[in-house]
Every structure is written in structure tokens, then in C-alpha cells.
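Participant: If you scroll down you'll find the structure; I have some questions about it.
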Number of protein chains: 2
Amino acid sequence: MAFTGKQLTTQLDADGTLTVQLNDKTWDDPKPGQVLIKVESTPINPSDLGLLFASADTDNAVYSPGKVVAKMPENATRAMKARHGMAMPAGNEAAGTVVAAGDGAEHLMGKRIACVPGTAYGSYALAEAQMAFPVDDGVSAEQAASSFVNPMTALGFTETMKLEGFTGIVHAAAASNLGQMLVKICLEDGIPLVNIVRSDDQVKLLRDLGATHVLNMTDADFMPKLIDAIAETKAMIGFDPIGGGTLAGQILTAMEAAASRGAAFSRYGSSEAKKVYIYGALDLGPTILNRAFGLTWDLAGWLLTPFMMKAGMEVVGRMRMRVMKDLTTTFASHYKARVSLEGMLTKEAVSEYNARRTGEKYLVVP
Amino acid sequence: MAFTGKQLTTQLDADGTLTVQLNDKTWDDPKPGQVLIKVESTPINPSDLGLLFASADTDNAVYSPGKVVAKMPENATRAMKARHGMAMPAGNEAAGTVVAAGDGAEHLMGKRIACVPGTAYGSYALAEAQMAFPVDDGVSAEQAASSFVNPMTALGFTETMKLEGFTGIVHAAAASNLGQMLVKICLEDGIPLVNIVRSDDQVKLLRDLGATHVLNMTDADFMPKLIDAIAETKAMIGFDPIGGGTLAGQILTAMEAAASRGAAFSRYGSSEAKKVYIYGALDLGPTILNRAFGLTWDLAGWLLTPFMMKAGMEVVGRMRMRVMKDLTTTFASHYKARVSLEGMLTKEAVSEYNARRTGEKYLVVP
């Protein structure tokens, strides 16, 4: 039986032309260990947008039904040389029903699963059975769609904290779906968490979830409050999905001020470990560090796949079990809008979801 | 017997006034494990300048014999609150002759030693015997003056490389005294080294020492050459004493380009570890990262004391032995000028050594 439908691809050419479009597609039979799902729900995460549109000028793109043609800046075009001329599928994660199963994956046949195909923006998608899990009968495809990227990232932060010997977390852009999960996880696990958000509405949102420390970075007294919160919680590891601008450096500065509070002057700063991970690029601009934080500090990139490889099968398995168990509570996601595959390529939709604003996540329902 | 003389102190007041001056001083007897030296030679290192003048406006300071009064910028004054009102001695390292020894340090009495008093800008200084070593008879005080900060830092880089599983080093501002030591160490130990310098004269200087990879960062083709050199040497750990500006990020960008050369496109960049340590602040301006290097990267502060604590007594002991043995060859230092304690507080001297230009190190001969 042949499965045919539409699949989205994104192609960057050497001249900087980016073409995102829907194509007719016939899917291969699943290989051993694989399943083919009929895609029912798939979110548009910031990590998808890095491949879909990257830094292309979507405001001035040409939109036609099922097709967007945009210009990529020259330096970005050059930096992504390895993808020139390739029509690449996209969509990290999805929920769908298994319509064909390869050897060793027959037990999933006919079941609704949450999975990580990497090609989820299509009518169907092939996925590895090992990273998939069947969802309970009462769980909708929408509820199961975002069961991987955000949940595993949020849990990955607490595991990283433990692995590196820290005891509390600072989180930026903390009102996101991921941030809300992290608030719930830290409450459940008794981990001190300092949340940084951008508006009073977001402060209220996280307080209503039970968060203790929620700081609005647009407040005039943000820095002294951040120092106080870090001094109180000893949160010396931070996670920042914004990347551009001064925030990562401000967090390190506040950690330094909290660590050296009451201590004798040292020209080199405190010797307490302070670390901030940048795990996204909501702001594609440069990271600016004023280095007012001595010489004991660390700023690094954080990415889910290498983290999972470092953490090992046992830890990852435990994390997956927890997500399965609490999919509709701790790991529940919220969406601003639902669109079809065609609908995700309209100017209105692209301009909204590509702005990567907190609380404005889109769900694709093919 | 009382030892009296002059000692330099640096004092920052809450109103931003920085006073660096010579004071009359009578030294205490050494405590157990300590020695008192008559200071014979002590260098002015960038790490000393951070305490001596920090970011004060020395161009517009008031100079009088044995005294400099300068203004510190407001934010720096605030950041250094813990030192307000304190007259702090300075001068990390020195060579001198032991004129008094505490219990357990009697074997050093009368000997010329290299040591780390932290208060070396004075007629005399107390130092811990444990971190000191006697120098051979033929070795002058000038030759022994810089036996700690630069040699241990240069050796610390190669030890850090090994500890963290890297196999080659990128070094910025590589024509410095420290950089020349690193060139010799890496040649002796067979460690691939990519040197980044600022002028053709500096290229020649390092090539004459036997360095293979020496790149002038002011050349138009600096970046492609840096990528080539890193690809060839697999130098994925860097050390940068400049701190401000774009160089640390450029090194990470070149590491990423070298690591992903010929590989398939990954929106997250290569998964090979890339790390740059900032170990100084020759440029006090902000560090600017354009983040064109995926998400597997690490930028951190490096400081000698915490490194030694992490490396442990055995490694540090081995490093000290090597410095002792090769003090006049591998670890030889060069100075642009020699000044007295009074001479180091003239406008001419301050404006030269506080510019922190490569190859313009001053030696103080009290």
C-alpha cells in the first residue's frame, strides 16, 4: 500500500534564495525499527524555525499558495553553505497514528504515538520506534504533539544542574511553554528556580503556577532584584534561549554580585562557579558580555542531542517515562493557533510564528 | 632588626578617587613558613594593573613625586565597592634576597629567591616559602623576577588542554612574554599551536622562535587562514588575554568552520567540542559574540589560582620544577624598561605600561 500526500521542504540556494514549499510525496515503507505515522499534530518550535526560515527576510517574501520565496542575508547564506541546493524536510516532533511498521516495531501498529521524525511537516512521516512512545487512550494528538523537544529540554536543564554540581537554576524567557514546564518540574523536585520574564502578565502567569521568584526584566530595579533572588536561591546555573543582547552577561554579573556579597575585595572576582547556557537564538543579534563578573565564569551552548548522549540511556529513559506519565499535566503545552500545512505558509501565519514571541506557539494540523 | 622602606599602595574611594602612592613602611617579622625579602626585581604584569589602576583615567591623572591621583569611572567604582577606602599593596611576583625567615623557612635565609608576595612593589616583601624557590647562583634577580605568573600560566594552558581532552591550542596576543614561553613549551612538548598576533614584526618574532602557525589578525585573509590552521592542527581550545571585542568569537567561528568542513549541513553546527578561555582584559570593552558557531561551544574565564587548585599539588609541583630548570631559556622574559618605585609613578611610565601593549613590559627595580 502506497502512502501519498504533501511534504514541506525548505531549500536555500547559493544566491540567497530561500524556498519553503509543499511538494507531492510518496513515502517509502518503514525500515526495521521504524514506523510510518499519519501526522495529526506537529508544533512549530524555535528549533524548527532555524531550519525553516533561519534569518531570511520573511516580511518581504513572496507568498503564493503552498510556497514562500524569501531572501537570506549574505553572511547567513555563506554560513549555511552545506545546505545549498538541498530541499530539506523539517518538523522535529509530532503526534500521529502508526499506519505502517518496520520489523521490530509491529507493536506500535495502529497506535497513536508521540515521536521525533525530523520531517513532521507532511501528511505522513517516518520515525524511529526507539524514540517514540504510545500515548494513553484519552490523550489527544494535540496533547501529545509537543512531548519531546520542550519536555526533554526542561528535564535536561535539571539533569544538567545535577550533573555539574549546581543546586538552583536561573531561566530566561521563562513564560514559554518550556518555561512553564520547568516551573512545574522544579516545584515537584524542590529545585530553587529564578524566572526572568518580560511583562507583568508573564509574572502573573508563572506566579499562578506556583513560582516563587519571577522577575520582570523591563523593571528599573531588575538587576538588584536578580542579585537578591540569586543570593537567596544560590542559583548559579542559568539557561537563556534569547542568546543575543546583554541578558546572559547580566545573569553572570548578578551571580558574581550574589557570590561576592559580603566578601573581601578580590580583583579577580569570586571563585564560585557560575555558568550560563545559551540554548536558543530568539534574538539573532550578537551576545554582548560586559565581563563585570571576574574570571570564574562559563558561558556555553546547550543542545538536547549532545546532552542526551552525555547523560546516557538510563537517564534519558527515566526522563521519557516521566514525560509519558505527566504528559497532560506537567508537560502540557499551549498554542495560540492551529494551521494546516497550507496555512503555515501564509504571510499572516509566518509573520506571527516566526516572531518567536513567548506564548504565541503554532500547532500544525496537516 | 627592623626593616624599613617604601611600599606602594592603591586606594579607591567611594567617590571614584584612585590614589596610588608610596608610603613609609616598617615590615613585621616573617610568620612561620614565611620569608622577608629585599625586593630586587618585580615586573608589572597586566594582572597587577587590574588592581593598580583598573580602568582609571590615567591620562588625566594628577602626578606628583611618588603619587598618582586619578578618577575611576562610576560603574567601575561601584563594581569595586569591596575595596573602597582600603590602601592595598600590589605586585604579584618578585625576585629578591631573603633577609629574615620564619620557622620552617630558615633554609632560604640569605638566598636569592623567586616568589609570589602579592605585595612586591616595595623595598621589602613577605612571601610564603612554599610557593618560593631559590635560584641558581648564576641567575640574576631580573632573570628570576617573572618566574611565576607567566611561566605557570603558559604551562597551565597545556595542562588545561590535556585535562579537558583537547590536543592543540589557539593563542591570541601570542607575541607577549607569555606567548613566547608558550611557543617554546609547545615545541618542546610537540603540541600543535596556532598563534594570533597583530603585526608582521610579531609574526617574524614568533617564526624566529620556531613557531609554525603565526597569523596576523590585521591581514584581510585572517579568517580563512585561521580556519585552515585550525583544520590542520585540530586546535579546538583557545586562550585569549584580550577579552573585549570580537576575537574570542572569531576563534570559535573558525573552530566551527574547521570542525564542520566537508560535513553534511546541521542547523545546530558541529558536535565537536570547542572552547575558548578568556584569561585577561587587555581590552576592557565588551566581548561580542556573533554566535556563528552552532550550539556546541564554551567560553569561560581562566585564572591561575583556581586552575592550580583544580590541577592539584603534584601537577603544580611538576610545573614549578620545570620553571626552575628552564628559567633562563624557555621561561626567559624581556622588558622594555626598568624603573624605580618612584619611577613607576611618573606620567611617562604609567602611560606606557598601562597601555598593556605586547612587548612593552616594565620591570621595577626598587
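Ligands are numbered from 1 in the order shown, residues from 1 within each chain, and chains are lettered A, B, ... in the order they appear in the C-alpha cells.
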Each residue of chain A lying at most 7 Å from chain B should get a row with its shortest atom-to-atom pair and the distance in Å to one decimal, counting only C-alpha atoms; could you produce that, ordered by chain and increasing number, as CSV?
Facilitator:
```
residue,atom,partner,partner_atom,distance
A:Gly50,CA,B:Arg267,CA,6.7
A:Leu51,CA,B:Arg267,CA,6.1
A:Ala82,CA,B:Phe265,CA,4.6
A:Arg83,CA,B:Phe265,CA,5.3
A:Ala264,CA,B:Ala82,CA,6.0
A:Phe265,CA,B:Ala82,CA,4.6
A:Arg267,CA,B:Leu51,CA,6.1
A:Gly285,CA,B:Asn290,CA,6.9
A:Pro286,CA,B:Asn290,CA,4.4
A:Thr287,CA,B:Leu289,CA,5.0
A:Ile288,CA,B:Ile288,CA,4.8
A:Leu289,CA,B:Thr287,CA,4.9
A:Asn290,CA,B:Pro286,CA,4.4
A:Arg291,CA,B:Pro286,CA,6.7
A:Leu295,CA,B:Gly301,CA,4.5
A:Thr296,CA,B:Gly301,CA,5.3
A:Trp297,CA,B:Gly301,CA,5.3
A:Asp298,CA,B:Ala300,CA,4.1
A:Leu299,CA,B:Leu299,CA,5.1
A:Ala300,CA,B:Asp298,CA,4.1
A:Gly301,CA,B:Leu295,CA,4.5
A:Trp302,CA,B:Leu295,CA,6.0
A:Leu303,CA,B:Leu295,CA,6.2
```
Participant: Could you list, as a PyMOL selection string, every residue within 10 Å of B:Lys347, counting only C-alpha atoms and ignoring same-chain residues fewer than 6 positions away?
Facilitator: chain B and resi 58-64+68
Participant: Restricted to all heavy atoms, what would the selected residues look like written as a PDB file, in the first residue's frame?
Facilitator:
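New file selection_3.pdb:
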```pdb
ATOM      1  N   THR B  58      44.088  57.410  33.630  1.00  0.00           N
ATOM      2  CA  THR B  58      45.464  57.801  33.973  1.00  0.00           C
ATOM      3  C   THR B  58      45.982  58.913  33.066  1.00  0.00           C
ATOM      4  O   THR B  58      46.951  59.594  33.423  1.00  0.00           O
ATOM      5  CB  THR B  58      46.415  56.588  33.900  1.00  0.00           C
ATOM      6  OG1 THR B  58      46.236  55.929  32.639  1.00  0.00           O
ATOM      7  CG2 THR B  58      46.109  55.588  35.007  1.00  0.00           C
ATOM      8  N   ASP B  59      45.348  59.113  31.920  1.00  0.00           N
ATOM      9  CA  ASP B  59      45.781  60.207  31.032  1.00  0.00           C
ATOM     10  C   ASP B  59      45.566  61.567  31.695  1.00  0.00           C
ATOM     11  O   ASP B  59      46.360  62.486  31.515  1.00  0.00           O
ATOM     12  CB  ASP B  59      44.986  60.171  29.719  1.00  0.00           C
ATOM     13  CG  ASP B  59      45.418  59.010  28.841  1.00  0.00           C
ATOM     14  OD1 ASP B  59      46.514  58.457  29.094  1.00  0.00           O
ATOM     15  OD2 ASP B  59      44.666  58.647  27.930  1.00  0.00           O
ATOM     16  N   ASN B  60      44.479  61.680  32.423  1.00  0.00           N
ATOM     17  CA  ASN B  60      44.148  62.961  33.044  1.00  0.00           C
ATOM     18  C   ASN B  60      44.375  62.953  34.555  1.00  0.00           C
ATOM     19  O   ASN B  60      43.743  63.712  35.288  1.00  0.00           O
ATOM     20  CB  ASN B  60      42.695  63.328  32.732  1.00  0.00           C
ATOM     21  CG  ASN B  60      42.483  63.503  31.235  1.00  0.00           C
ATOM     22  OD1 ASN B  60      43.117  64.346  30.619  1.00  0.00           O
ATOM     23  ND2 ASN B  60      41.636  62.657  30.652  1.00  0.00           N
ATOM     24  N   ALA B  61      45.243  62.064  35.010  1.00  0.00           N
ATOM     25  CA  ALA B  61      45.527  61.991  36.450  1.00  0.00           C
ATOM     26  C   ALA B  61      46.472  63.112  36.871  1.00  0.00           C
ATOM     27  O   ALA B  61      47.100  63.757  36.030  1.00  0.00           O
ATOM     28  CB  ALA B  61      46.143  60.636  36.770  1.00  0.00           C
ATOM     29  N   VAL B  62      46.541  63.324  38.188  1.00  0.00           N
ATOM     30  CA  VAL B  62      47.489  64.301  38.732  1.00  0.00           C
ATOM     31  C   VAL B  62      48.709  63.540  39.251  1.00  0.00           C
ATOM     32  O   VAL B  62      48.589  62.678  40.130  1.00  0.00           O
ATOM     33  CB  VAL B  62      46.852  65.110  39.877  1.00  0.00           C
ATOM     34  CG1 VAL B  62      47.880  66.085  40.475  1.00  0.00           C
ATOM     35  CG2 VAL B  62      45.623  65.861  39.363  1.00  0.00           C
ATOM     36  N   TYR B  63      49.864  63.848  38.674  1.00  0.00           N
ATOM     37  CA  TYR B  63      51.100  63.161  39.046  1.00  0.00           C
ATOM     38  C   TYR B  63      51.962  64.074  39.909  1.00  0.00           C
ATOM     39  O   TYR B  63      52.222  65.215  39.534  1.00  0.00           O
ATOM     40  CB  TYR B  63      51.884  62.772  37.783  1.00  0.00           C
ATOM     41  CG  TYR B  63      51.184  61.721  36.949  1.00  0.00           C
ATOM     42  CD1 TYR B  63      50.185  62.071  36.052  1.00  0.00           C
ATOM     43  CD2 TYR B  63      51.510  60.373  37.088  1.00  0.00           C
ATOM     44  CE1 TYR B  63      49.520  61.105  35.297  1.00  0.00           C
ATOM     45  CE2 TYR B  63      50.856  59.408  36.338  1.00  0.00           C
ATOM     46  CZ  TYR B  63      49.860  59.775  35.445  1.00  0.00           C
ATOM     47  OH  TYR B  63      49.210  58.831  34.719  1.00  0.00           O
ATOM     48  N   SER B  64      52.394  63.583  41.067  1.00  0.00           N
ATOM     49  CA  SER B  64      53.401  64.291  41.856  1.00  0.00           C
ATOM     50  C   SER B  64      54.407  63.236  42.305  1.00  0.00           C
ATOM     51  O   SER B  64      54.142  62.034  42.163  1.00  0.00           O
ATOM     52  CB  SER B  64      52.741  65.005  43.039  1.00  0.00           C
ATOM     53  OG  SER B  64      51.976  64.094  43.793  1.00  0.00           O
ATOM     54  N   VAL B  68      50.063  59.267  42.436  1.00  0.00           N
ATOM     55  CA  VAL B  68      49.188  59.483  41.285  1.00  0.00           C
ATOM     56  C   VAL B  68      47.761  59.516  41.804  1.00  0.00           C
ATOM     57  O   VAL B  68      47.346  58.626  42.559  1.00  0.00           O
ATOM     58  CB  VAL B  68      49.305  58.329  40.251  1.00  0.00           C
ATOM     59  CG1 VAL B  68      48.439  58.612  39.040  1.00  0.00           C
ATOM     60  CG2 VAL B  68      50.755  58.094  39.856  1.00  0.00           C
TER      61      VAL B  68
END
```
Participant: Name the residues in contact with B:Ala172 at a cut-off of 8 Å, using only C-alpha atoms, excluding same-chain residues fewer than 3 positions from it; report them as a PDB file with N, CA, C and O atoms, in the first residue's frame.
Facilitator:
```pdb
ATOM      1  N   ASN B 195      49.235  30.592  16.644  1.00  0.00           N
ATOM      2  CA  ASN B 195      49.498  31.882  17.276  1.00  0.00           C
ATOM      3  C   ASN B 195      48.808  33.007  16.509  1.00  0.00           C
ATOM      4  O   ASN B 195      48.942  33.095  15.290  1.00  0.00           O
ATOM      5  N   ILE B 196      48.081  33.856  17.232  1.00  0.00           N
ATOM      6  CA  ILE B 196      47.458  35.024  16.616  1.00  0.00           C
ATOM      7  C   ILE B 196      48.157  36.276  17.142  1.00  0.00           C
ATOM      8  O   ILE B 196      48.227  36.475  18.359  1.00  0.00           O
ATOM      9  N   VAL B 197      48.673  37.090  16.225  1.00  0.00           N
ATOM     10  CA  VAL B 197      49.378  38.317  16.619  1.00  0.00           C
ATOM     11  C   VAL B 197      48.807  39.500  15.823  1.00  0.00           C
ATOM     12  O   VAL B 197      47.864  39.343  15.051  1.00  0.00           O
ATOM     13  N   GLY B 238      41.197  27.455  22.882  1.00  0.00           N
ATOM     14  CA  GLY B 238      41.877  28.726  22.677  1.00  0.00           C
ATOM     15  C   GLY B 238      42.036  29.482  23.984  1.00  0.00           C
ATOM     16  O   GLY B 238      41.264  29.279  24.931  1.00  0.00           O
ATOM     17  N   PHE B 239      43.036  30.346  24.029  1.00  0.00           N
ATOM     18  CA  PHE B 239      43.276  31.201  25.198  1.00  0.00           C
ATOM     19  C   PHE B 239      43.448  32.633  24.705  1.00  0.00           C
ATOM     20  O   PHE B 239      44.290  32.900  23.844  1.00  0.00           O
ATOM     21  N   ASP B 240      42.647  33.532  25.251  1.00  0.00           N
ATOM     22  CA  ASP B 240      42.596  34.912  24.768  1.00  0.00           C
ATOM     23  C   ASP B 240      42.742  35.886  25.932  1.00  0.00           C
ATOM     24  O   ASP B 240      41.866  35.943  26.794  1.00  0.00           O
ATOM     25  N   PRO B 241      43.836  36.670  25.966  1.00  0.00           N
ATOM     26  CA  PRO B 241      44.003  37.637  27.045  1.00  0.00           C
ATOM     27  C   PRO B 241      43.380  38.991  26.728  1.00  0.00           C
ATOM     28  O   PRO B 241      43.452  39.895  27.550  1.00  0.00           O
ATOM     29  N   ILE B 242      42.808  39.137  25.528  1.00  0.00           N
ATOM     30  CA  ILE B 242      42.274  40.436  25.113  1.00  0.00           C
ATOM     31  C   ILE B 242      40.894  40.646  25.734  1.00  0.00           C
ATOM     32  O   ILE B 242      40.622  41.668  26.347  1.00  0.00           O
TER      33      ILE B 242
END
```
Participant: Could you work out how far atom CA of B:Pro89 lies from atom CA of B:Met109, giving the answer in Å with one decimal?
Facilitator: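 Computed distance, atom CA of B:Met109 to atom CA of B:Pro89, equals 24.0 Å.
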Participant: Using DSSP on the backbone coordinates, identify all residues within stretch 14-195 of chain B classified as alpha helix (DSSP H); present the result as a PyMOL selection string.
Facilitator: chain B and resi 46-52+74-79+141-144+149-163+177-189
Participant: Between A:Ile44, A:Ile237, A:Leu108, A:Leu155, which one has atoms that come closest to A:Thr330, using only C-alpha atoms?
Facilitator: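 Nearest to A:Thr330: A:Leu155.
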Participant: Please compute the atom CA of B:Phe307-atom CA of A:Ala273 distance, one decimal, in Å.
Facilitator: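 The value is 12.4 Å.
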Participant: Report as a VMD selection string all protein, DNA and RNA residues lying within 9 Å of B:Ile185, evaluated on only C-alpha atoms, omitting residues in the same chain fewer than 3 positions from it.
Facilitator: chain B and resid 154 to 155 158 180 to 182 188 to 191 330 to 331
Participant: Keeping all heavy atoms for every residue in the selection just given, could you write it to a file as a compact mmCIF listing (two decimals), in the first residue's frame?
Facilitator:
```
# COMPACT_ATOMS: atom_id res chain seq x y z
N ALA B 154 51.45 29.83 31.21
CA ALA B 154 51.72 29.16 29.93
C ALA B 154 51.68 27.64 30.11
O ALA B 154 51.05 26.92 29.32
CB ALA B 154 53.09 29.60 29.39
N LEU B 155 52.33 27.14 31.16
CA LEU B 155 52.26 25.70 31.43
C LEU B 155 50.83 25.29 31.78
O LEU B 155 50.38 24.20 31.41
CB LEU B 155 53.20 25.33 32.58
CG LEU B 155 54.70 25.33 32.24
CD1 LEU B 155 55.53 25.15 33.51
CD2 LEU B 155 55.02 24.22 31.23
N THR B 158 48.77 24.33 28.72
CA THR B 158 48.96 22.99 28.16
C THR B 158 48.36 21.93 29.09
O THR B 158 47.80 20.94 28.64
CB THR B 158 50.45 22.69 27.90
OG1 THR B 158 51.16 22.66 29.14
CG2 THR B 158 51.07 23.74 27.00
N GLN B 180 55.53 33.87 24.02
CA GLN B 180 56.82 33.33 23.58
C GLN B 180 57.17 32.07 24.38
O GLN B 180 57.69 31.10 23.85
CB GLN B 180 57.91 34.39 23.73
CG GLN B 180 57.70 35.59 22.80
CD GLN B 180 58.75 36.68 22.99
OE1 GLN B 180 59.94 36.38 23.09
NE2 GLN B 180 58.31 37.92 23.06
N MET B 181 56.86 32.11 25.69
CA MET B 181 57.07 30.90 26.51
C MET B 181 56.22 29.75 25.98
O MET B 181 56.68 28.61 25.87
CB MET B 181 56.68 31.17 27.96
CG MET B 181 57.62 32.15 28.68
SD MET B 181 57.04 32.50 30.35
CE MET B 181 58.01 33.98 30.70
N LEU B 182 54.96 30.06 25.63
CA LEU B 182 54.05 29.01 25.15
C LEU B 182 54.56 28.40 23.85
O LEU B 182 54.48 27.18 23.64
CB LEU B 182 52.63 29.57 24.98
CG LEU B 182 51.54 28.55 24.70
CD1 LEU B 182 51.41 27.54 25.85
CD2 LEU B 182 50.19 29.23 24.45
N GLU B 188 58.70 22.08 22.59
CA GLU B 188 59.34 21.03 23.40
C GLU B 188 58.43 19.82 23.57
O GLU B 188 58.88 18.68 23.57
CB GLU B 188 59.71 21.59 24.79
CG GLU B 188 60.87 22.60 24.74
CD GLU B 188 60.99 23.41 26.04
OE1 GLU B 188 60.45 22.99 27.08
OE2 GLU B 188 61.65 24.48 25.99
N ASP B 189 57.12 20.10 23.73
CA ASP B 189 56.19 19.01 24.05
C ASP B 189 55.44 18.47 22.84
O ASP B 189 54.58 17.60 22.98
CB ASP B 189 55.17 19.50 25.10
CG ASP B 189 55.84 19.86 26.43
OD1 ASP B 189 57.07 19.67 26.53
OD2 ASP B 189 55.13 20.31 27.34
N GLY B 190 55.71 19.01 21.64
CA GLY B 190 55.02 18.53 20.44
C GLY B 190 53.54 18.84 20.42
O GLY B 190 52.74 18.04 19.91
N ILE B 191 53.16 19.99 20.98
CA ILE B 191 51.74 20.37 20.99
C ILE B 191 51.48 21.36 19.85
O ILE B 191 52.14 22.39 19.76
CB ILE B 191 51.36 21.04 22.34
CG1 ILE B 191 51.51 20.04 23.48
CG2 ILE B 191 49.95 21.60 22.28
CD1 ILE B 191 51.41 20.66 24.86
N THR B 330 63.57 28.61 28.26
CA THR B 330 62.15 28.59 27.91
C THR B 330 61.37 29.72 28.57
O THR B 330 60.48 30.31 27.96
CB THR B 330 61.53 27.24 28.34
OG1 THR B 330 62.29 26.19 27.76
CG2 THR B 330 60.08 27.13 27.89
N PHE B 331 61.70 30.00 29.82
CA PHE B 331 60.88 30.94 30.59
C PHE B 331 61.55 32.31 30.75
O PHE B 331 61.24 33.06 31.67
CB PHE B 331 60.53 30.32 31.94
CG PHE B 331 59.78 29.03 31.79
CD1 PHE B 331 60.40 27.80 32.02
CD2 PHE B 331 58.46 29.03 31.37
CE1 PHE B 331 59.72 26.61 31.84
CE2 PHE B 331 57.77 27.84 31.19
CZ PHE B 331 58.40 26.62 31.42
```
Participant: Please identify which residues in stretch 214-303 of chain B DSSP calls strand (DSSP E) from the backbone, and express them as a ChimeraX atom specification.
Facilitator: /B:214-216,237-240,243-245,275-278,283-289,298-301
Participant: Those residues with C-alpha atoms, as an mmCIF file, in the first residue's frame please?
Facilitator:
```cif
data_model
loop_
_atom_site.group_PDB
_atom_site.id
_atom_site.type_symbol
_atom_site.label_atom_id
_atom_site.label_comp_id
_atom_site.auth_asym_id
_atom_site.auth_seq_id
_atom_site.Cartn_x
_atom_site.Cartn_y
_atom_site.Cartn_z
ATOM 1 C CA VAL B 214 51.550 32.537 13.173
ATOM 2 C CA LEU B 215 48.659 34.629 11.859
ATOM 3 C CA ASN B 216 48.431 38.399 11.704
ATOM 4 C CA ILE B 237 40.919 25.058 22.705
ATOM 5 C CA GLY B 238 41.877 28.726 22.677
ATOM 6 C CA PHE B 239 43.276 31.201 25.198
ATOM 7 C CA ASP B 240 42.596 34.912 24.768
ATOM 8 C CA GLY B 243 38.721 39.712 26.257
ATOM 9 C CA GLY B 244 36.996 42.702 24.682
ATOM 10 C CA GLY B 245 35.884 42.826 21.060
ATOM 11 C CA LYS B 275 36.340 26.061 23.886
ATOM 12 C CA VAL B 276 37.903 29.474 24.333
ATOM 13 C CA TYR B 277 39.184 30.765 27.650
ATOM 14 C CA ILE B 278 39.440 34.486 28.327
ATOM 15 C CA ASP B 283 40.675 45.286 26.040
ATOM 16 C CA LEU B 284 38.283 46.296 28.810
ATOM 17 C CA GLY B 285 35.384 46.712 26.349
ATOM 18 C CA PRO B 286 32.562 44.186 25.984
ATOM 19 C CA THR B 287 33.067 40.739 24.498
ATOM 20 C CA ILE B 288 30.979 40.480 21.336
ATOM 21 C CA LEU B 289 29.935 37.049 20.111
ATOM 22 C CA ASP B 298 32.140 27.031 25.509
ATOM 23 C CA LEU B 299 33.589 30.383 26.519
ATOM 24 C CA ALA B 300 34.943 30.697 30.021
ATOM 25 C CA GLY B 301 37.224 32.663 32.283
#
```
Participant: Do a neighbour search on B:Ala141 at 7 Å with only C-alpha atoms, toss out local chain neighbours closer than 2 positions, and write the hits as a PDB file with all heavy atoms, in the first residue's frame.
Facilitator:
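out.pdb was written with the following content:
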```pdb
ATOM      1  N   GLU B  40      64.336  42.867  44.742  1.00  0.00           N
ATOM      2  CA  GLU B  40      65.368  43.297  43.791  1.00  0.00           C
ATOM      3  C   GLU B  40      64.797  43.578  42.398  1.00  0.00           C
ATOM      4  O   GLU B  40      65.266  44.483  41.710  1.00  0.00           O
ATOM      5  CB  GLU B  40      66.470  42.244  43.722  1.00  0.00           C
ATOM      6  CG  GLU B  40      67.209  42.111  45.057  1.00  0.00           C
ATOM      7  CD  GLU B  40      68.173  40.944  45.084  1.00  0.00           C
ATOM      8  OE1 GLU B  40      67.838  39.858  44.550  1.00  0.00           O
ATOM      9  OE2 GLU B  40      69.270  41.107  45.646  1.00  0.00           O
ATOM     10  N   SER B  41      63.817  42.796  42.001  1.00  0.00           N
ATOM     11  CA  SER B  41      63.187  42.997  40.692  1.00  0.00           C
ATOM     12  C   SER B  41      61.760  42.488  40.762  1.00  0.00           C
ATOM     13  O   SER B  41      61.523  41.390  41.278  1.00  0.00           O
ATOM     14  CB  SER B  41      63.917  42.206  39.600  1.00  0.00           C
ATOM     15  OG  SER B  41      65.080  42.869  39.191  1.00  0.00           O
ATOM     16  N   ALA B  95      61.662  38.853  42.531  1.00  0.00           N
ATOM     17  CA  ALA B  95      62.871  38.146  42.952  1.00  0.00           C
ATOM     18  C   ALA B  95      63.577  39.037  43.967  1.00  0.00           C
ATOM     19  O   ALA B  95      63.545  40.260  43.855  1.00  0.00           O
ATOM     20  CB  ALA B  95      63.781  37.878  41.761  1.00  0.00           C
ATOM     21  N   GLY B  96      64.182  38.411  44.966  1.00  0.00           N
ATOM     22  CA  GLY B  96      64.873  39.193  45.988  1.00  0.00           C
ATOM     23  C   GLY B  96      65.673  38.273  46.884  1.00  0.00           C
ATOM     24  O   GLY B  96      65.633  37.048  46.732  1.00  0.00           O
ATOM     25  N   VAL B 139      72.050  33.086  38.252  1.00  0.00           N
ATOM     26  CA  VAL B 139      70.813  33.696  37.767  1.00  0.00           C
ATOM     27  C   VAL B 139      70.592  35.043  38.456  1.00  0.00           C
ATOM     28  O   VAL B 139      70.616  35.141  39.677  1.00  0.00           O
ATOM     29  CB  VAL B 139      69.616  32.750  38.021  1.00  0.00           C
ATOM     30  CG1 VAL B 139      68.313  33.414  37.613  1.00  0.00           C
ATOM     31  CG2 VAL B 139      69.816  31.434  37.278  1.00  0.00           C
ATOM     32  N   GLN B 143      66.424  38.071  35.882  1.00  0.00           N
ATOM     33  CA  GLN B 143      66.033  36.820  35.221  1.00  0.00           C
ATOM     34  C   GLN B 143      65.002  36.047  36.039  1.00  0.00           C
ATOM     35  O   GLN B 143      64.185  35.312  35.490  1.00  0.00           O
ATOM     36  CB  GLN B 143      67.273  35.937  34.998  1.00  0.00           C
ATOM     37  CG  GLN B 143      68.171  36.435  33.863  1.00  0.00           C
ATOM     38  CD  GLN B 143      69.462  35.642  33.775  1.00  0.00           C
ATOM     39  OE1 GLN B 143      70.107  35.347  34.788  1.00  0.00           O
ATOM     40  NE2 GLN B 143      69.852  35.301  32.559  1.00  0.00           N
ATOM     41  N   ALA B 144      65.030  36.215  37.343  1.00  0.00           N
ATOM     42  CA  ALA B 144      64.143  35.426  38.214  1.00  0.00           C
ATOM     43  C   ALA B 144      62.838  36.142  38.547  1.00  0.00           C
ATOM     44  O   ALA B 144      61.935  35.557  39.133  1.00  0.00           O
ATOM     45  CB  ALA B 144      64.881  35.086  39.514  1.00  0.00           C
ATOM     46  N   ALA B 145      62.723  37.432  38.134  1.00  0.00           N
ATOM     47  CA  ALA B 145      61.590  38.248  38.594  1.00  0.00           C
ATOM     48  C   ALA B 145      60.240  37.716  38.124  1.00  0.00           C
ATOM     49  O   ALA B 145      59.252  37.747  38.856  1.00  0.00           O
ATOM     50  CB  ALA B 145      61.775  39.692  38.129  1.00  0.00           C
TER      51      ALA B 145
END
```
Participant: Would you kindly return, as a PyMOL selection string, each protein, DNA or RNA residue with an atom no farther than 7 Å from any atom of A:Leu363, considering only C-alpha atoms and excluding same-chain residues fewer than 2 positions away?
Facilitator: chain A and resi 41-44+335+337-339+361+365
Participant: Keeping C-alpha atoms, export the residues of the selection given above as a PDB file, in the first residue's frame.
Facilitator:
```pdb
ATOM      1  CA  SER A  41      -0.374  17.396  15.141  1.00  0.00           C
ATOM      2  CA  THR A  42       3.083  18.945  14.990  1.00  0.00           C
ATOM      3  CA  PRO A  43       4.267  22.138  16.710  1.00  0.00           C
ATOM      4  CA  ILE A  44       6.422  24.900  15.247  1.00  0.00           C
ATOM      5  CA  TYR A 335      -0.930  27.004  21.375  1.00  0.00           C
ATOM      6  CA  ALA A 337      -3.328  28.977  16.716  1.00  0.00           C
ATOM      7  CA  ARG A 338      -3.795  25.846  14.673  1.00  0.00           C
ATOM      8  CA  VAL A 339      -2.996  25.842  10.953  1.00  0.00           C
ATOM      9  CA  LYS A 361       3.328  28.985  19.508  1.00  0.00           C
ATOM     10  CA  VAL A 365      -2.644  20.026  11.875  1.00  0.00           C
TER      11      VAL A 365
END
```
Participant: So which residues touch A:Ala94 within 12 Å, counting only C-alpha atoms, skipping near sequence neighbours fewer than 5 positions away, as a ChimeraX atom specification?
Facilitator: /A:36-45,112-127,131-133,140-149,363-366
